[in-house]
>>> print(open('start-v2.tsv').read())   # TSV, N, CA, C and O atoms
chain	number	residue	atom	x	y	z
A	148	MET	N	89.44	100.32	83.63
A	148	MET	CA	89.27	101.51	84.45
A	148	MET	C	87.77	101.83	84.49
A	148	MET	O	87.07	101.71	83.49
A	149	ALA	N	87.28	102.25	85.66
A	149	ALA	CA	85.89	102.64	85.84
A	149	ALA	C	85.83	104.11	86.24
A	149	ALA	O	86.69	104.59	86.99
A	150	VAL	N	84.82	104.80	85.73
A	150	VAL	CA	84.65	106.22	86.02
A	150	VAL	C	83.28	106.43	86.65
A	150	VAL	O	82.27	106.00	86.11
A	151	PHE	N	83.29	107.06	87.81
A	151	PHE	CA	82.06	107.43	88.50
A	151	PHE	C	81.84	108.90	88.22
A	151	PHE	O	82.63	109.75	88.67
A	152	THR	N	80.82	109.22	87.46
A	152	THR	CA	80.52	110.60	87.09
A	152	THR	C	79.35	111.08	87.92
A	152	THR	O	78.32	110.41	87.99
A	153	VAL	N	79.51	112.24	88.56
A	153	VAL	CA	78.45	112.84	89.35
A	153	VAL	C	78.15	114.20	88.75
A	153	VAL	O	79.03	115.06	88.68
A	154	LEU	N	76.91	114.37	88.30
A	154	LEU	CA	76.49	115.61	87.66
A	154	LEU	C	75.50	116.34	88.56
A	154	LEU	O	74.56	115.73	89.07
A	155	TYR	N	75.72	117.62	88.75
A	155	TYR	CA	74.84	118.46	89.56
A	155	TYR	C	74.11	119.42	88.63
A	155	TYR	O	74.68	120.43	88.21
A	156	PRO	N	72.85	119.11	88.28
A	156	PRO	CA	72.11	119.95	87.34
A	156	PRO	C	71.90	121.37	87.89
A	156	PRO	O	71.71	121.56	89.10
A	157	ALA	N	71.95	122.35	87.00
A	157	ALA	CA	71.65	123.72	87.37
A	157	ALA	C	70.14	123.82	87.58
A	157	ALA	O	69.36	123.55	86.66
A	158	VAL	N	69.73	124.15	88.80
A	158	VAL	CA	68.32	124.24	89.16
A	158	VAL	C	68.09	125.61	89.77
A	158	VAL	O	68.81	126.01	90.69
A	159	ASP	N	67.10	126.33	89.24
A	159	ASP	CA	66.79	127.66	89.78
A	159	ASP	C	66.52	127.59	91.27
A	159	ASP	O	65.74	126.75	91.73
A	160	GLY	N	67.18	128.45	92.03
A	160	GLY	CA	66.97	128.54	93.46
A	160	GLY	C	67.70	127.49	94.29
A	160	GLY	O	67.59	127.50	95.51
A	161	ALA	N	68.42	126.61	93.64
A	161	ALA	CA	69.13	125.55	94.38
A	161	ALA	C	70.43	126.08	94.97
A	161	ALA	O	71.02	127.05	94.49
A	162	LYS	N	70.88	125.40	96.02
A	162	LYS	CA	72.13	125.75	96.71
A	162	LYS	C	73.24	124.85	96.18
A	162	LYS	O	73.06	123.64	96.06
A	163	PHE	N	74.38	125.45	95.89
A	163	PHE	CA	75.59	124.68	95.58
A	163	PHE	C	76.79	125.53	95.99
A	163	PHE	O	77.06	126.56	95.39
A	164	ASP	N	77.49	125.10	97.03
A	164	ASP	CA	78.64	125.83	97.56
A	164	ASP	C	79.91	125.22	96.95
A	164	ASP	O	80.47	124.25	97.48
A	165	LEU	N	80.36	125.79	95.84
A	165	LEU	CA	81.52	125.26	95.12
A	165	LEU	C	82.79	125.33	95.96
A	165	LEU	O	83.62	124.43	95.91
A	166	ASP	N	82.94	126.37	96.77
A	166	ASP	CA	84.13	126.49	97.63
A	166	ASP	C	84.19	125.32	98.62
A	166	ASP	O	85.25	124.71	98.80
A	167	TYR	N	83.07	125.01	99.26
A	167	TYR	CA	83.03	123.88	100.20
A	167	TYR	C	83.29	122.58	99.45
A	167	TYR	O	84.04	121.72	99.92
A	168	TYR	N	82.67	122.44	98.30
A	168	TYR	CA	82.82	121.23	97.50
A	168	TYR	C	84.29	120.95	97.19
A	168	TYR	O	84.77	119.84	97.40
A	169	GLU	N	84.99	121.98	96.73
A	169	GLU	CA	86.39	121.80	96.35
A	169	GLU	C	87.33	121.70	97.55
A	169	GLU	O	88.30	120.94	97.52
A	170	ALA	N	87.05	122.46	98.61
A	170	ALA	CA	87.96	122.50	99.75
A	170	ALA	C	87.73	121.39	100.78
A	170	ALA	O	88.66	120.99	101.48
A	171	THR	N	86.51	120.87	100.83
A	171	THR	CA	86.18	119.90	101.87
A	171	THR	C	85.67	118.57	101.32
A	171	THR	O	86.20	117.51	101.68
A	172	HIS	N	84.67	118.61	100.46
A	172	HIS	CA	84.06	117.36	100.00
A	172	HIS	C	85.00	116.53	99.13
A	172	HIS	O	85.13	115.32	99.34
A	173	ILE	N	85.64	117.16	98.18
A	173	ILE	CA	86.55	116.41	97.30
A	173	ILE	C	87.73	115.82	98.08
A	173	ILE	O	88.04	114.63	97.91
A	174	PRO	N	88.38	116.56	98.97
A	174	PRO	CA	89.44	115.94	99.77
A	174	PRO	C	88.91	114.79	100.65
A	174	PRO	O	89.61	113.79	100.85
A	175	LEU	N	87.68	114.92	101.15
A	175	LEU	CA	87.08	113.83	101.92
A	175	LEU	C	86.93	112.58	101.07
A	175	LEU	O	87.30	111.48	101.49
A	176	ALA	N	86.40	112.75	99.86
A	176	ALA	CA	86.22	111.60	98.95
A	176	ALA	C	87.57	110.98	98.60
A	176	ALA	O	87.71	109.75	98.59
A	177	LYS	N	88.57	111.81	98.33
A	177	LYS	CA	89.90	111.28	98.01
A	177	LYS	C	90.46	110.47	99.17
A	177	LYS	O	90.99	109.37	98.97
A	178	ALA	N	90.36	110.99	100.38
A	178	ALA	CA	90.88	110.28	101.55
A	178	ALA	C	90.09	109.00	101.81
A	178	ALA	O	90.68	107.97	102.16
A	179	ALA	N	88.78	109.06	101.62
A	179	ALA	CA	87.93	107.91	101.91
A	179	ALA	C	88.15	106.76	100.93
A	179	ALA	O	88.05	105.60	101.31
A	180	PHE	N	88.44	107.09	99.67
A	180	PHE	CA	88.47	106.06	98.63
A	180	PHE	C	89.87	105.72	98.10
A	180	PHE	O	90.01	104.84	97.26
A	181	LYS	N	90.91	106.39	98.60
A	181	LYS	CA	92.25	106.14	98.07
A	181	LYS	C	92.72	104.72	98.30
A	181	LYS	O	93.37	104.13	97.45
A	182	ASP	N	92.37	104.14	99.43
A	182	ASP	CA	92.84	102.79	99.75
A	182	ASP	C	92.03	101.69	99.06
A	182	ASP	O	92.41	100.53	99.12
A	183	THR	N	90.91	102.07	98.44
A	183	THR	CA	90.07	101.07	97.76
A	183	THR	C	90.10	101.24	96.25
A	183	THR	O	89.26	100.68	95.55
A	184	GLY	N	91.05	102.00	95.74
A	184	GLY	CA	91.25	102.03	94.29
A	184	GLY	C	90.96	103.31	93.56
A	184	GLY	O	90.99	103.34	92.32
A	185	LEU	N	90.70	104.42	94.27
A	185	LEU	CA	90.52	105.70	93.59
A	185	LEU	C	91.85	106.14	93.00
A	185	LEU	O	92.87	106.16	93.70
A	186	GLU	N	91.86	106.48	91.71
A	186	GLU	CA	93.09	106.90	91.06
A	186	GLU	C	93.16	108.40	90.82
A	186	GLU	O	94.23	108.99	90.90
A	187	SER	N	92.03	109.03	90.51
A	187	SER	CA	92.05	110.47	90.27
A	187	SER	C	90.65	111.05	90.40
A	187	SER	O	89.66	110.33	90.30
A	188	VAL	N	90.61	112.37	90.63
A	188	VAL	CA	89.36	113.12	90.69
A	188	VAL	C	89.54	114.38	89.87
A	188	VAL	O	90.54	115.08	90.02
A	189	GLN	N	88.56	114.65	89.04
A	189	GLN	CA	88.56	115.89	88.27
A	189	GLN	C	87.22	116.57	88.49
A	189	GLN	O	86.17	115.92	88.41
A	190	VAL	N	87.25	117.87	88.79
A	190	VAL	CA	86.03	118.65	88.98
A	190	VAL	C	85.91	119.63	87.83
A	190	VAL	O	86.86	120.36	87.53
A	191	LEU	N	84.75	119.63	87.20
A	191	LEU	CA	84.46	120.54	86.10
A	191	LEU	C	83.38	121.51	86.55
A	191	LEU	O	82.29	121.08	86.95
A	192	LYS	N	83.67	122.80	86.50
A	192	LYS	CA	82.70	123.82	86.88
A	192	LYS	C	81.94	124.25	85.63
A	192	LYS	O	82.54	124.56	84.60
A	193	GLY	N	80.62	124.25	85.72
A	193	GLY	CA	79.80	124.69	84.59
A	193	GLY	C	80.00	126.17	84.29
A	193	GLY	O	80.09	126.99	85.21
A	194	VAL	N	80.10	126.48	83.01
A	194	VAL	CA	80.21	127.87	82.55
A	194	VAL	C	79.15	128.08	81.48
A	194	VAL	O	78.46	127.13	81.09
A	195	ALA	N	79.04	129.27	80.98
A	195	ALA	CA	78.02	129.57	79.98
A	195	ALA	C	78.08	128.59	78.82
A	195	ALA	O	79.15	128.21	78.37
A	196	GLY	N	76.92	128.17	78.39
A	196	GLY	CA	76.84	127.22	77.29
A	196	GLY	C	76.98	127.89	75.94
A	196	GLY	O	77.27	129.09	75.84
A	197	ALA	N	76.75	127.12	74.90
A	197	ALA	CA	76.81	127.64	73.53
A	197	ALA	C	75.82	128.78	73.39
A	197	ALA	O	74.69	128.71	73.87
A	198	GLY	N	76.24	129.84	72.77
A	198	GLY	CA	75.36	131.00	72.58
A	198	GLY	C	75.21	131.85	73.82
A	198	GLY	O	74.38	132.74	73.86
A	199	GLY	N	75.99	131.55	74.87
A	199	GLY	CA	75.96	132.36	76.08
A	199	GLY	C	74.89	131.98	77.08
A	199	GLY	O	74.76	132.62	78.11
A	200	GLY	N	74.12	130.94	76.80
A	200	GLY	CA	73.10	130.50	77.75
A	200	GLY	C	73.72	129.86	78.97
A	200	GLY	O	74.92	129.59	79.00
A	201	PRO	N	72.91	129.61	79.98
A	201	PRO	CA	73.45	129.00	81.20
A	201	PRO	C	73.91	127.57	80.98
A	201	PRO	O	73.39	126.86	80.11
A	202	ALA	N	74.87	127.15	81.76
A	202	ALA	CA	75.36	125.78	81.70
A	202	ALA	C	74.28	124.85	82.26
A	202	ALA	O	73.59	125.20	83.22
A	203	PRO	N	74.12	123.67	81.69
A	203	PRO	CA	73.11	122.75	82.21
A	203	PRO	C	73.49	122.13	83.55
A	203	PRO	O	72.63	121.63	84.27
A	204	TYR	N	74.78	122.18	83.91
A	204	TYR	CA	75.25	121.61	85.17
A	204	TYR	C	76.08	122.63	85.92
A	204	TYR	O	76.92	123.31	85.33
A	205	VAL	N	75.87	122.72	87.23
A	205	VAL	CA	76.67	123.59	88.09
A	205	VAL	C	78.09	123.05	88.16
A	205	VAL	O	79.06	123.79	88.08
A	206	ALA	N	78.19	121.72	88.32
A	206	ALA	CA	79.48	121.06	88.41
A	206	ALA	C	79.33	119.60	88.01
A	206	ALA	O	78.25	119.03	88.10
A	207	ILE	N	80.45	119.04	87.58
A	207	ILE	CA	80.53	117.62	87.24
A	207	ILE	C	81.82	117.10	87.87
A	207	ILE	O	82.87	117.73	87.75
A	208	ALA	N	81.72	115.97	88.54
A	208	ALA	CA	82.92	115.33	89.12
A	208	ALA	C	83.15	114.01	88.41
A	208	ALA	O	82.21	113.24	88.19
A	209	LEU	N	84.40	113.76	88.06
A	209	LEU	CA	84.81	112.50	87.44
A	209	LEU	C	85.79	111.81	88.37
A	209	LEU	O	86.90	112.29	88.57
A	210	LEU	N	85.37	110.71	88.96
A	210	LEU	CA	86.22	109.94	89.86
A	210	LEU	C	86.63	108.67	89.12
A	210	LEU	O	85.78	107.88	88.73
A	211	THR	N	87.92	108.51	88.92
A	211	THR	CA	88.45	107.37	88.17
A	211	THR	C	88.99	106.33	89.14
A	211	THR	O	89.78	106.66	90.03
A	212	PHE	N	88.54	105.09	88.94
A	212	PHE	CA	88.94	103.97	89.79
A	212	PHE	C	89.69	102.94	88.97
A	212	PHE	O	89.50	102.83	87.75
A	213	ARG	N	90.50	102.16	89.64
A	213	ARG	CA	91.28	101.10	89.01
A	213	ARG	C	90.40	100.20	88.14
A	213	ARG	O	90.74	99.86	87.02
A	214	ASP	N	89.24	99.82	88.67
A	214	ASP	CA	88.30	98.98	87.94
A	214	ASP	C	86.94	99.06	88.63
A	214	ASP	O	86.80	99.74	89.66
A	215	ALA	N	85.94	98.38	88.08
A	215	ALA	CA	84.58	98.44	88.63
A	215	ALA	C	84.53	97.87	90.05
A	215	ALA	O	83.78	98.37	90.90
A	216	ALA	N	85.32	96.84	90.32
A	216	ALA	CA	85.34	96.26	91.66
A	216	ALA	C	85.86	97.27	92.69
A	216	ALA	O	85.33	97.36	93.81
A	217	ALA	N	86.86	98.05	92.32
A	217	ALA	CA	87.40	99.08	93.21
A	217	ALA	C	86.37	100.18	93.46
A	217	ALA	O	86.22	100.67	94.58
A	218	LEU	N	85.65	100.56	92.42
A	218	LEU	CA	84.61	101.57	92.57
A	218	LEU	C	83.54	101.07	93.54
A	218	LEU	O	83.15	101.79	94.47
A	219	GLN	N	83.07	99.86	93.33
A	219	GLN	CA	82.03	99.30	94.22
A	219	GLN	C	82.55	99.16	95.65
A	219	GLN	O	81.82	99.43	96.60
A	220	ALA	N	83.80	98.74	95.81
A	220	ALA	CA	84.39	98.61	97.14
A	220	ALA	C	84.45	99.97	97.84
A	220	ALA	O	84.24	100.05	99.06
A	221	SER	N	84.71	101.00	97.09
A	221	SER	CA	84.77	102.34	97.66
A	221	SER	C	83.39	102.81	98.10
A	221	SER	O	83.21	103.26	99.24
A	222	LEU	N	82.42	102.73	97.21
A	222	LEU	CA	81.08	103.23	97.52
A	222	LEU	C	80.42	102.42	98.64
A	222	LEU	O	79.68	102.98	99.46
A	223	ALA	N	80.66	101.12	98.66
A	223	ALA	CA	80.04	100.26	99.67
A	223	ALA	C	80.92	100.09	100.91
A	223	ALA	O	80.51	99.42	101.86
A	224	GLY	N	82.08	100.70	100.90
A	224	GLY	CA	83.02	100.54	102.01
A	224	GLY	C	82.60	101.32	103.24
A	224	GLY	O	81.58	102.02	103.24
A	225	PRO	N	83.40	101.23	104.27
A	225	PRO	CA	83.04	101.85	105.56
A	225	PRO	C	82.93	103.36	105.51
A	225	PRO	O	82.21	103.95	106.32
A	226	ARG	N	83.59	104.02	104.56
A	226	ARG	CA	83.54	105.49	104.51
A	226	ARG	C	82.57	106.01	103.46
A	226	ARG	O	82.36	107.22	103.35
A	227	GLY	N	81.98	105.12	102.68
A	227	GLY	CA	80.99	105.54	101.69
A	227	GLY	C	79.85	106.35	102.28
A	227	GLY	O	79.54	107.44	101.77
A	228	PRO	N	79.22	105.89	103.37
A	228	PRO	CA	78.14	106.68	103.97
A	228	PRO	C	78.58	108.07	104.45
A	228	PRO	O	77.83	109.03	104.36
A	229	GLU	N	79.80	108.17	104.93
A	229	GLU	CA	80.34	109.46	105.38
A	229	GLU	C	80.42	110.44	104.21
A	229	GLU	O	80.02	111.61	104.33
A	230	VAL	N	80.91	109.97	103.07
A	230	VAL	CA	81.03	110.82	101.88
A	230	VAL	C	79.63	111.23	101.41
A	230	VAL	O	79.38	112.40	101.11
A	231	MET	N	78.72	110.28	101.36
A	231	MET	CA	77.37	110.58	100.89
A	231	MET	C	76.65	111.55	101.83
A	231	MET	O	75.94	112.45	101.39
A	232	ALA	N	76.84	111.41	103.14
A	232	ALA	CA	76.19	112.29	104.11
A	232	ALA	C	76.70	113.73	104.00
A	232	ALA	O	75.97	114.67	104.31
A	233	ASP	N	77.92	113.91	103.52
A	233	ASP	CA	78.50	115.25	103.40
A	233	ASP	C	77.86	116.06	102.28
A	233	ASP	O	77.96	117.28	102.28
A	234	VAL	N	77.19	115.42	101.35
A	234	VAL	CA	76.57	116.12	100.22
A	234	VAL	C	75.64	117.23	100.71
A	234	VAL	O	75.62	118.33	100.15
A	235	ALA	N	74.88	116.97	101.76
A	235	ALA	CA	73.94	117.97	102.29
A	235	ALA	C	74.64	119.23	102.78
A	235	ALA	O	73.99	120.28	102.91
A	236	ASN	N	75.94	119.16	103.02
A	236	ASN	CA	76.67	120.34	103.48
A	236	ASN	C	76.98	121.34	102.37
A	236	ASN	O	77.34	122.47	102.66
A	237	PHE	N	76.87	120.92	101.11
A	237	PHE	CA	77.19	121.86	100.03
A	237	PHE	C	76.09	122.02	98.99
A	237	PHE	O	76.15	122.95	98.18
A	238	THR	N	75.08	121.14	98.96
A	238	THR	CA	74.04	121.29	97.95
A	238	THR	C	72.73	120.67	98.37
A	238	THR	O	72.70	119.74	99.19
A	239	ASP	N	71.66	121.19	97.79
A	239	ASP	CA	70.35	120.55	97.92
A	239	ASP	C	69.89	120.02	96.56
A	239	ASP	O	68.75	119.61	96.38
A	240	ILE	N	70.81	120.00	95.60
A	240	ILE	CA	70.54	119.46	94.27
A	240	ILE	C	70.62	117.93	94.33
A	240	ILE	O	71.55	117.38	94.92
A	241	GLN	N	69.67	117.27	93.71
A	241	GLN	CA	69.73	115.81	93.58
A	241	GLN	C	70.70	115.48	92.44
A	241	GLN	O	70.40	115.74	91.28
A	242	PRO	N	71.88	114.93	92.77
A	242	PRO	CA	72.85	114.66	91.70
A	242	PRO	C	72.43	113.49	90.83
A	242	PRO	O	71.64	112.63	91.24
A	243	ILE	N	72.97	113.48	89.64
A	243	ILE	CA	72.81	112.36	88.70
A	243	ILE	C	74.14	111.65	88.68
A	243	ILE	O	75.19	112.27	88.51
A	244	ALA	N	74.12	110.33	88.86
A	244	ALA	CA	75.36	109.57	88.87
A	244	ALA	C	75.35	108.53	87.76
A	244	ALA	O	74.31	107.98	87.42
A	245	GLN	N	76.52	108.31	87.20
A	245	GLN	CA	76.69	107.29	86.17
A	245	GLN	C	78.01	106.59	86.38
A	245	GLN	O	79.02	107.22	86.66
A	246	ILE	N	77.99	105.27	86.23
A	246	ILE	CA	79.21	104.47	86.26
A	246	ILE	C	79.51	104.08	84.82
A	246	ILE	O	78.64	103.58	84.12
A	247	SER	N	80.74	104.34	84.40
A	247	SER	CA	81.15	104.07	83.03
A	247	SER	C	82.44	103.26	83.02
A	247	SER	O	83.23	103.32	83.96
A	248	GLU	N	82.65	102.55	81.93
A	248	GLU	CA	83.89	101.84	81.71
A	248	GLU	C	84.70	102.65	80.72
A	248	GLU	O	84.24	102.95	79.61
A	249	ALA	N	85.92	103.04	81.13
A	249	ALA	CA	86.79	103.80	80.23
A	249	ALA	C	87.44	102.80	79.27
A	249	ALA	O	87.92	101.76	79.68
A	250	ARG	N	87.47	103.15	78.01
A	250	ARG	CA	88.05	102.26	76.98
A	250	ARG	C	89.18	102.96	76.29
A	250	ARG	O	89.27	104.10	76.17
>>> encode(input="start-v2.tsv", output="C-alpha cells")
Amino acid sequence: MAVFTVLYPAVDGAKFDLDYYEATHIPLAKAAFKDTGLESVQVLKGVAGAGGGPAPYVAIALLTFRDAAALQASLAGPRGPEVMADVANFTDIQPIAQISEAR
C-alpha cells in the first residue's frame, strides 16, 4: 500500500478554504483517482498544538493507494493536472507532499 500525504503548513496571512477543500477538491480527487487505485482519503484539520499553540499545519490529507504503481498512475494520469489545477481555488499555500509505503 502507498500513501500520498499532502501537508498544508500554517502560514500567516495565507488563504485556505477548508469548506471548498472538503466539499469540492476532495470529491474531485476521489473521482479522478478511483479507477487508478485510490482506496481511501482522510482529511485531518489542524487544531491547537501542545500547550495551546497554533497547529503547524492547516490541514493534512492522506490518500491511500493500492500500491506505488497505482499512485503514480493516478498522479500522472489524464485527470492529475485537473486535480492539481484545482489547488489554486482553495489555497495559496505551497503544500508539502510525501509518498510513503505503508507497512
>>> closest_residue(input="start-v2.tsv", among="A:Val230, A:Asn236, A:Gln241, A:Ile207", to="Leu175 of chain A", atoms="only C-alpha atoms")
A:Val230
>>> residues_around(input="start-v2.tsv", residues="Leu154 of chain A", least_positions_apart="3", cutoff="10 Å", atoms="only C-alpha atoms", output="list in words")
Phe151, Ala157, Leu191, Pro203, Tyr204, Val205, Ala206, Ile207, Ala208, Leu209, Ile240, Gln241, Pro242, Ile243, Ala244 and Gln245 of chain A
>>> closest_residue(input="start-v2.tsv", among="A:Asp239, A:Asp159, A:Asp214, A:Asp233", to="Thr171 of chain A", atoms="all atoms listed in the file")
A:Asp233
>>> atom_distance(input="start-v2.tsv", atom1="atom O of Ala217 of chain A", atom2="atom N of Thr183 of chain A")
6.2 Å
>>> select_by_dssp(input="start-v2.tsv", residues="chain A", states="alpha helix (DSSP H)", output="PyMOL selection string")
chain A and resi 165-167+173-180+215-223+227-233
>>> select_by_dssp(input="start-v2.tsv", residues="segment 163-205 of chain A", states="strand (DSSP E or B)", output="NGL selection string")
:A and (163 or 185-192 or 204-205)
>>> residues_around(input="start-v2.tsv", residues="Ala149 of chain A", least_positions_apart="4", cutoff="6 Å", atoms="only N, CA, C and O atoms", output="number ranges by chain")
A: 210-215, 247-249
>>> build_atoms(input="start-v2.tsv", residues="segment 237-247 of chain A", atoms="all heavy atoms", output="compact mmCIF listing (two decimals), in the coordinates of the input")
# COMPACT_ATOMS: atom_id res chain seq x y z
N PHE A 237 76.87 120.92 101.11
CA PHE A 237 77.19 121.86 100.03
C PHE A 237 76.09 122.02 98.99
O PHE A 237 76.15 122.95 98.18
CB PHE A 237 78.51 121.51 99.35
CG PHE A 237 78.53 120.18 98.64
CD1 PHE A 237 78.11 120.07 97.32
CD2 PHE A 237 78.97 119.04 99.28
CE1 PHE A 237 78.12 118.85 96.67
CE2 PHE A 237 79.00 117.82 98.65
CZ PHE A 237 78.57 117.72 97.33
N THR A 238 75.08 121.14 98.96
CA THR A 238 74.04 121.29 97.95
C THR A 238 72.73 120.67 98.37
O THR A 238 72.70 119.74 99.19
CB THR A 238 74.48 120.69 96.59
OG1 THR A 238 73.55 121.09 95.58
CG2 THR A 238 74.56 119.18 96.65
N ASP A 239 71.66 121.19 97.79
CA ASP A 239 70.35 120.55 97.92
C ASP A 239 69.89 120.02 96.56
O ASP A 239 68.75 119.61 96.38
CB ASP A 239 69.31 121.52 98.51
CG ASP A 239 69.19 122.82 97.74
OD1 ASP A 239 69.81 122.97 96.66
OD2 ASP A 239 68.47 123.72 98.22
N ILE A 240 70.81 120.00 95.60
CA ILE A 240 70.54 119.46 94.27
C ILE A 240 70.62 117.93 94.33
O ILE A 240 71.55 117.38 94.92
CB ILE A 240 71.55 119.99 93.24
CG1 ILE A 240 71.42 121.51 93.10
CG2 ILE A 240 71.39 119.30 91.89
CD1 ILE A 240 72.53 122.15 92.28
N GLN A 241 69.67 117.27 93.71
CA GLN A 241 69.73 115.81 93.58
C GLN A 241 70.70 115.48 92.44
O GLN A 241 70.40 115.74 91.28
CB GLN A 241 68.34 115.24 93.27
CG GLN A 241 68.31 113.75 93.09
CD GLN A 241 68.68 113.00 94.37
OE1 GLN A 241 68.19 113.31 95.44
NE2 GLN A 241 69.56 112.03 94.25
N PRO A 242 71.88 114.93 92.77
CA PRO A 242 72.85 114.66 91.70
C PRO A 242 72.43 113.49 90.83
O PRO A 242 71.64 112.63 91.24
CB PRO A 242 74.14 114.34 92.46
CG PRO A 242 73.70 113.90 93.80
CD PRO A 242 72.39 114.57 94.09
N ILE A 243 72.97 113.48 89.64
CA ILE A 243 72.81 112.36 88.70
C ILE A 243 74.14 111.65 88.68
O ILE A 243 75.19 112.27 88.51
CB ILE A 243 72.45 112.88 87.29
CG1 ILE A 243 71.14 113.65 87.32
CG2 ILE A 243 72.40 111.72 86.30
CD1 ILE A 243 70.89 114.46 86.05
N ALA A 244 74.12 110.33 88.86
CA ALA A 244 75.36 109.57 88.87
C ALA A 244 75.35 108.53 87.76
O ALA A 244 74.31 107.98 87.42
CB ALA A 244 75.54 108.87 90.22
N GLN A 245 76.52 108.31 87.20
CA GLN A 245 76.69 107.29 86.17
C GLN A 245 78.01 106.59 86.38
O GLN A 245 79.02 107.22 86.66
CB GLN A 245 76.65 107.91 84.78
CG GLN A 245 76.90 106.87 83.68
CD GLN A 245 76.66 107.42 82.30
OE1 GLN A 245 75.60 107.95 82.03
NE2 GLN A 245 77.66 107.30 81.44
N ILE A 246 77.99 105.27 86.23
CA ILE A 246 79.21 104.47 86.26
C ILE A 246 79.51 104.08 84.82
O ILE A 246 78.64 103.58 84.12
CB ILE A 246 79.04 103.22 87.14
CG1 ILE A 246 78.79 103.65 88.59
CG2 ILE A 246 80.28 102.33 87.05
CD1 ILE A 246 78.43 102.50 89.52
N SER A 247 80.74 104.34 84.40
CA SER A 247 81.15 104.07 83.03
C SER A 247 82.44 103.26 83.02
O SER A 247 83.23 103.32 83.96
CB SER A 247 81.40 105.37 82.25
OG SER A 247 80.26 106.20 82.30
